[in-house]
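K.L.:
Here it is, the structure, as structure tokens.
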Amino acid sequence: MAENFKYTPQDFKSDQEVRWCPGCGDHAVLSAVQRALPEISDALNYDIERYVFVSGIGCSSRFPYYVNTFGFHGIHGRASAISTGVKVANPKLSVWQITGDGDALAIGGNHFIHAVRRNIDINILLFNNEIYGLTKGQYSPTSKLGSITKTSPFGTVEHPFRPGELVIGAQGKFFARSIDVDVKLTSEIMIEAAKHDGTSVVEILQNCVIYNDKTHSLVIDKEYREDRTIVLRHGEKMIFGKNRDKGLILSGISLKVVTIGQGGFSMDDILTHDAFEANPGVHMMLANMAYPEFPVALGVIRNVKDSTYDDNVRDQVLEVMKTAKIKSVDDLLNSGETWEIK
Amino acid sequence: MDKKAKAIERDDVVIRFSGDSGDGMQLTGTLFSDASALFGNSVSTFPDYPSEIRAPQGTVAGVSGFQVNIGSSKVHTPGDYCDVLVAMNPAALKANVKWVKPGGMIIVDNDTFNEKGLLRAGFKTNNPVEELKIEDYKVIFAKITELTKESLKDSGLDNKSVLRSKNMFALGMVYYIFSRPLNFTEKYFETKFKKKPEIVEANKKVLRDGFNYAGNIQAIPNTYQISPASNTPKGIYRNINGNTAVAWGLIAASEKSGLPLFCGSYPITPATEILIELAKRKDLGVKTLQVEDEIAGICTAIGASFAGNFAVTTTSGPGLSLKSEAMGLAVITELPLVIVDVQRGGPSTGLPTKTEQSDLFQVLFGRNGECPMIVIAASTPSNCFDYAFIAGKLTMEHMTPVVLLTDGYIANGTEPWKVPSMKDYPSINPPIVAEGTTGFMSYARDEKRLARSWAFPGKKGIMHRVGGLEKDFLKGSVSHDPINHQRMTDIRAAKVERVQEFIPQQEVFGDNEGDLLVIGWGGTYGHLLTAVQEMRDNGKSVTLCQFNYLNPLPKNVKEILGSYKKIVVCELNMGQFANYLRMNFQEYNYLQFNKVQGLPFTVVELVEKFNQILESK
């Protein structure tokens with residue numbers, strides 16, 4: 001990148017007309033992404049050509065058409081596999097996978113958990129609106145038990161996935177959560193995700209205005225947000241609430257919400273967030289916190305260093321090549337048992 | 001002692017090794033083939049595995065076989081029936097006796113023919129010879145187990161290791177019968193067990209003792225002399241099987257194109273060995289990903305192709321079914337991709353270890369939408385190398401995926417191969433877009449091949465987006481325009497048809513006209529050629545036309561089809577290629593010869609069928 005040249009959000013807008021429904025949460029996420037990319041480019045010294053956006057199928061998967069980068073709009077559920085191929089083929093690329101709760105956790109569940117397990121260095125933005133929007137309103141693997149949808153007219157009878165639990169269960173090293181309407185937080189998290197080497201999963205609670213409107217309202221609407229969510233930042237106390245007077249403590253082996261200054265609890269008792277802790281115990285509990293018992297955790301919940309799949313693939317090849325006796329196809333063809341007919 | 005068994009001179013002879021799947025019959029057969037190839041014979045082999053890894057010991061289900069045909073002139077098949085059968089236990093005898101020529105020689109390990117062994121193999125009496133009605137065969141009951149023990153009693157090896165060596169005793173006997181020198185195999189022991197001299201010595205001793213025993217017992221009715229082939233072209237040779245040849249051909253295409261090879265795959269019989277071989281080849285920079293499933297195999301490959309690697313995925317029929325949707329994605333994104341399908345018996349799990357040619361329709365038509373693909377088929381173990389290379393060349397230069405068909409028979413079969421030199425192979429020039437190209441449009445194409453260009457992410461000035469939605473015919477952006485869809489559908493078809501200009505004309509073996517045209521494709525080549533050759537030697541007007549290019553078909557096919565009185569299409573399926581020809585060239589009458597038994601054709605049945613056709617009106 002040229003010296004002192006800085007990208008602007010405008011550079012990441014494509015010439016395609018954005019076709020999501022008016023009021024859809026995806027618009028805000030797109031803004032957040034276009035806002036974050038210049039900052040990432042700046043922080044990591046990336047040229048715009050380095051970005052590849054890969055998606056599967058669903059409303060959110062239209063995303064690659066709207067960012068002015070290289071893009072691959074794949075088939076349903078397979079975005080993690082396509083991203084894996086892109087990254088291993090050229091580890092220099094900054095690969096961003098855009099996926100939804102259906103694409104990543106239903107039809108693509110297998111690829112998703114294996115990408116996470118391998119810790120391939122891709123960034124996955126998982127738009128969770130708890131519904132199938134593109135096919136017009138069927139329940140998804142994250143729909144709340146009892147959800148009434150077109151294919152569950154009497155309510156769903158199955159337990160939903162909690163994406164954070166799934167990611168950490170699959171040995172995920174980076175998990176964060178944001179909400180569509182908080183553009184600033186989403187871009188802040190994206191920058192952390194980009195800096196993290198390994199699979200970064202960012203769940204974005206997103207509203208489908210047509211088929212599942214207000215599914216996250218009770219948690220994220222402005223009037224409740226401060227009391228019903230907590231933004232976690234590494235090294236900071238786990239406090240939340242309009243008056244910043246509520247906090248999380250460890251009570252026995254569980255988390256508990258307390259009010260600072262009440263019941264003998266002081267700021268000293270409040271947990272400090274350690275996103276770098278390898279032990280997933282507290283991260284799992286934080287990721288699983290749900291309203292009304294707990295505030296929903298936002299921010300980077302887990303951010304742990306480990307070797308990445310793409311590095312390992314590349315390093316192993318280089319290592320073997322260093323001492324290899326076979327250096328060309330001709331060498332290969334003449335290796336092993338051969339004989340000559342004169 | 002002095003009485004030497006009579007030596008019979010033969011042009012070719014077939015031997016089958018069989019035993020329990022733990023008896024080491026594949027190794028025994030391979031050593032015999034290698035020794036024969038080194039001796040200068042033409043060789044063709046075929047292993048016959050059970051699908052169970054270790055079926056109960058001593059049962060017919062657990063019998064593993066290895067057949068080899070050696071000749072003093074070129075042999076094209078492992079042979080229908082064997083002259084000599086080695087059966088290490090009663091089950092092996094029972095399972096394989098049907099493959100012995102009437103009156104042939106059978107060597108059995110007498111020590112396994114006890115009550116328990118006979119019972120396990122399902123014999124009802126204690127006289128297997130009578131029960132199998134092989135009184136007219138030359139059955140030699142040799143005390144292979146006992147003599148191996150005796151041979152190694154001072155070796156210091158434990159009992160298990162001693163018993164494991166009995167296949168080498170049997171091999172020694174066979175070497176005597178076929179007048180093979182022992183030195184090639186002895187050298188093999190020395191290299192293989194370099195660090196274990198006691199094992200080298202033990203194996204050498206057992207081999208020699210087996211050889212001497214066969215020479216001494218006077219029970220061997222005759223020995224065979226098969227002189228080295230005299231017309232073999234000079235050069236360096238090696239043995240190769242189809243799966244290894246595919247792996248190497250793909251690597252060769254990668255080297256010629258200058259692009260790294262990427263293989264996304266999932267293990268599946270009988271294709272796994274390609275992945276195994278590619279995984280070894282990190283020395284040549286090959287990236288292999290054993291991913292979570294078949295779909296991930298092809299999707300990682302598509303991602304890698306988008307990012308600028310030469311990408312391949314390897315599978316067999318059931319895996320191909322799972323890849324179908326993604327194959328369509330490769331077609332619409334117009335990215336290079338080789339899909340190797342090593343066919344096996346189907347449908348569903350079918351016959352995993354057995355051969356068949358029944359995936360043809362699946363690769364031609366088994367996708368949603370109008371979704372044409374280039375389809376080629378290899379026809380011998382060694383030309384798997386060439387067709388894998390060609391698949392790579394076609395996919396990268398024409399920017400559309402290619403299916404390479406092989407089958408369980410050529411994948412596992414081996415033959416000696418004159419080692420080629422890469423300087424004799426053509427260059428591969430994919431239409432890669434240069435960095436900073438101005439006015440780049442992702443779906444603009446060259447007139448000659450109708451190929452779009454390949455624009456790697458990371459390069460300046462060529463940012464673009466591809467995907468599974470229909471594309472604008474130039475810009476590559478999403479288009480739902482009806483006329484555009486028609487246009488793109490037409491162009492994808494025309495692009496595959498255009499490949500006709502870049503492939504060789506179809507050749508025939510025989511005459512340019514005549515009574516009977518035998519048509520085959522892919523791995524049936526050896527058997528069809530042998531049968532046709534045999535008939536021609538007997539003065540019959542029979543010609544073989546074996547296809548390697550299936551879609552598009554070569555230009556001159558129509559001309560060939562019209563030049564013979566009768567046409568018979570022979571396939572290891574129920575008539576898929578015959579129907580494909582009917583669809584394309586309706587004016588001809590196609591007779592069919594089909595077989596779906598998980599086995600290759602036999603030359604005998606082919607000759608019989610062709611004679612019938614020639615005689616009928």
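Chains: A, B, ... in order of the structure tokens. Residues: from 1 per chain. Ligands: from 1, in order shown.
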Please tabulate, as JSON lines, the residues of chain B that come within 6 Å of chain A, each with its closest pair of atoms and the distance in Å to one decimal, counting only C-alpha atoms and ordering rows by chain, then residue number upward.
P.N.:
```
{"residue": "B:Lys234", "atom": "CA", "partner": "A:Ile341", "partner_atom": "CA", "distance": 5.0}
{"residue": "B:Gly235", "atom": "CA", "partner": "A:Ile341", "partner_atom": "CA", "distance": 5.3}
{"residue": "B:Ile236", "atom": "CA", "partner": "A:Glu340", "partner_atom": "CA", "distance": 4.4}
{"residue": "B:Tyr237", "atom": "CA", "partner": "A:Trp339", "partner_atom": "CA", "distance": 5.2}
{"residue": "B:Arg238", "atom": "CA", "partner": "A:Thr338", "partner_atom": "CA", "distance": 4.6}
{"residue": "B:Ala252", "atom": "CA", "partner": "A:Val329", "partner_atom": "CA", "distance": 6.0}
{"residue": "B:Lys282", "atom": "CA", "partner": "A:Val317", "partner_atom": "CA", "distance": 5.1}
{"residue": "B:Asp283", "atom": "CA", "partner": "A:Met321", "partner_atom": "CA", "distance": 4.4}
{"residue": "B:Gly285", "atom": "CA", "partner": "A:Val317", "partner_atom": "CA", "distance": 5.8}
{"residue": "B:Ala296", "atom": "CA", "partner": "A:Ala81", "partner_atom": "CA", "distance": 5.2}
{"residue": "B:Cys299", "atom": "CA", "partner": "A:Ile82", "partner_atom": "CA", "distance": 5.0}
{"residue": "B:Thr300", "atom": "CA", "partner": "A:Gly85", "partner_atom": "CA", "distance": 3.9}
{"residue": "B:Ala301", "atom": "CA", "partner": "A:Gly85", "partner_atom": "CA", "distance": 5.8}
{"residue": "B:Gly303", "atom": "CA", "partner": "A:Ile82", "partner_atom": "CA", "distance": 4.4}
{"residue": "B:Ala304", "atom": "CA", "partner": "A:Gly85", "partner_atom": "CA", "distance": 4.3}
{"residue": "B:Ala307", "atom": "CA", "partner": "A:Val86", "partner_atom": "CA", "distance": 5.3}
{"residue": "B:Asn309", "atom": "CA", "partner": "A:Ala89", "partner_atom": "CA", "distance": 6.0}
{"residue": "B:Gly458", "atom": "CA", "partner": "A:Glu49", "partner_atom": "CA", "distance": 4.7}
{"residue": "B:Lys459", "atom": "CA", "partner": "A:Glu49", "partner_atom": "CA", "distance": 6.0}
{"residue": "B:Lys460", "atom": "CA", "partner": "A:Glu49", "partner_atom": "CA", "distance": 5.9}
{"residue": "B:Met463", "atom": "CA", "partner": "A:Phe70", "partner_atom": "CA", "distance": 5.0}
{"residue": "B:His464", "atom": "CA", "partner": "A:Phe70", "partner_atom": "CA", "distance": 5.1}
{"residue": "B:Arg465", "atom": "CA", "partner": "A:Gly71", "partner_atom": "CA", "distance": 4.2}
{"residue": "B:Val466", "atom": "CA", "partner": "A:Phe72", "partner_atom": "CA", "distance": 5.1}
{"residue": "B:Gly467", "atom": "CA", "partner": "A:His73", "partner_atom": "CA", "distance": 4.2}
{"residue": "B:Gly468", "atom": "CA", "partner": "A:Gly74", "partner_atom": "CA", "distance": 5.8}
```
K.L.:
Residues of range 195-427 of chain B classed as alpha helix (DSSP H) by DSSP on the backbone are to be reported as a ChimeraX atom specification.
P.N.:
/B:197-216,242-257,272-280,294-306,317-333,360-365,383-398,408-412
K.L.:
If we count only C-alpha atoms, what is near range 101-106 of chain A at a cut-off of 12 Å, once residues fewer than 5 positions away on the same chain are taken out, given as a PyMOL selection string?
P.N.:
chain A and resi 55-61+74-81+111-116+124-135+137-143+160-164+166-167+201-206
K.L.:
List the spatial neighbours of Lys305 in chain A as a ChimeraX atom specification - criterion: any atom at most 8 Å away, only C-alpha atoms, same-chain residues fewer than 3 positions off excluded.
P.N.:
/A:173,196-198,276
K.L.:
Output C-alpha atoms for every residue in the selection just made, as a short mmCIF file (atom, residue, chain, number, x, y, z; two decimals), in the first residue's frame.
P.N.:
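Wrote selection_26.cif, looks like this:
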```cif
data_model
loop_
_atom_site.label_atom_id
_atom_site.label_comp_id
_atom_site.auth_asym_id
_atom_site.auth_seq_id
_atom_site.Cartn_x
_atom_site.Cartn_y
_atom_site.Cartn_z
CA LYS A 173 -10.19 -20.01 19.85
CA HIS A 196 -6.55 -12.87 15.57
CA ASP A 197 -4.68 -15.67 13.78
CA GLY A 198 -7.07 -18.59 13.53
CA PHE A 276 -6.83 -14.81 26.50
#
```
K.L.:
Using CA of Gly408 in chain B and CA of Asn594 in chain B as the two end points, give the distance in Å to one decimal.
P.N.:
17.1 Å
K.L.:
Report as an MDAnalysis selection string all protein, DNA and RNA residues lying within 10 Å of range 22-36 of chain A, evaluated on only C-alpha atoms, omitting residues in the same chain fewer than 4 positions from it.
P.N.:
chainID A and resid 7:13 18 40:42 59:60 62:64 66:68 125 127 129 178:191 194 204:210 213
K.L.:
Can I get the selection written as an mmCIF file, in the first residue's frame, with C-alpha atoms?
P.N.:
```cif
data_model
loop_
_atom_site.group_PDB
_atom_site.id
_atom_site.type_symbol
_atom_site.label_atom_id
_atom_site.label_comp_id
_atom_site.auth_asym_id
_atom_site.auth_seq_id
_atom_site.Cartn_x
_atom_site.Cartn_y
_atom_site.Cartn_z
ATOM 1 C CA TYR A 7 -8.837 3.699 2.516
ATOM 2 C CA THR A 8 -12.252 5.075 3.337
ATOM 3 C CA PRO A 9 -15.525 3.176 3.753
ATOM 4 C CA GLN A 10 -16.433 4.429 0.295
ATOM 5 C CA ASP A 11 -13.612 2.319 -1.209
ATOM 6 C CA PHE A 12 -15.340 -0.823 0.020
ATOM 7 C CA LYS A 13 -18.737 -0.048 -1.491
ATOM 8 C CA VAL A 18 -28.161 -3.381 -2.144
ATOM 9 C CA ILE A 40 -8.014 -3.129 9.390
ATOM 10 C CA SER A 41 -6.105 -2.187 6.251
ATOM 11 C CA ASP A 42 -4.375 0.504 8.221
ATOM 12 C CA CYS A 59 -30.066 -13.249 2.780
ATOM 13 C CA SER A 60 -26.752 -12.429 4.416
ATOM 14 C CA ARG A 62 -25.624 -11.700 -0.768
ATOM 15 C CA PHE A 63 -23.016 -9.732 1.140
ATOM 16 C CA PRO A 64 -20.003 -10.338 -1.181
ATOM 17 C CA TYR A 66 -21.965 -5.374 -1.898
ATOM 18 C CA VAL A 67 -18.377 -5.061 -0.748
ATOM 19 C CA ASN A 68 -15.820 -3.937 -3.266
ATOM 20 C CA LEU A 125 -19.464 -13.335 10.534
ATOM 21 C CA PHE A 127 -25.696 -13.392 11.187
ATOM 22 C CA ASN A 129 -31.748 -13.865 13.084
ATOM 23 C CA SER A 178 -22.325 -8.122 18.526
ATOM 24 C CA ILE A 179 -25.709 -6.710 17.577
ATOM 25 C CA ASP A 180 -26.629 -5.409 14.152
ATOM 26 C CA VAL A 181 -27.652 -1.959 15.361
ATOM 27 C CA ASP A 182 -24.352 -1.249 17.125
ATOM 28 C CA VAL A 183 -22.185 -0.425 14.138
ATOM 29 C CA LYS A 184 -19.358 0.854 16.310
ATOM 30 C CA LEU A 185 -19.132 -2.310 18.406
ATOM 31 C CA THR A 186 -19.358 -4.557 15.339
ATOM 32 C CA SER A 187 -16.473 -2.792 13.634
ATOM 33 C CA GLU A 188 -14.430 -2.815 16.837
ATOM 34 C CA ILE A 189 -14.930 -6.587 17.076
ATOM 35 C CA MET A 190 -14.116 -7.067 13.400
ATOM 36 C CA ILE A 191 -10.756 -5.447 13.890
ATOM 37 C CA ALA A 194 -8.881 -9.676 11.798
ATOM 38 C CA ILE A 204 -24.176 -10.908 15.133
ATOM 39 C CA LEU A 205 -27.665 -10.792 16.597
ATOM 40 C CA GLN A 206 -29.541 -9.548 13.599
ATOM 41 C CA ASN A 207 -33.134 -8.618 13.048
ATOM 42 C CA CYS A 208 -35.242 -9.992 10.226
ATOM 43 C CA VAL A 209 -37.819 -7.274 9.889
ATOM 44 C CA ILE A 210 -40.168 -9.370 7.778
ATOM 45 C CA ASP A 213 -39.169 -9.020 13.681
#
```
K.L.:
Quick check for you: according to DSSP on this backbone, which residues of range 77-307 of chain B are classed as strand (DSSP E or B)? Reply as a PyMOL selection string.
P.N.:
chain B and resi 82-87+100-109+138-142+222-225+235-241+261-265+287-290
K.L.:
Find the residues around Ala275 in chain A up to 10 Å (only C-alpha atoms counted), leave out those fewer than 6 positions away in its own chain, and share them as number ranges by chain.
P.N.:
A: 173-176, 232-235, 282-283, 299-304
K.L.:
Residues at most 7 Å from Thr315 in chain B, counting only C-alpha atoms, excluding those fewer than 3 positions away in the same chain, as a list in words?
P.N.:
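Contacts, with the query itself left out: Ile268, Ala271, Gly319, Leu320, Val340, Asp341 and Val342 of chain B.
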K.L.:
What is the CA of Ala121 in chain B to CA of Asp109 in chain B distance in Å?
P.N.:
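So the two atoms, CA of Ala121 in chain B and CA of Asp109 in chain B, lie 14.0 Å apart.
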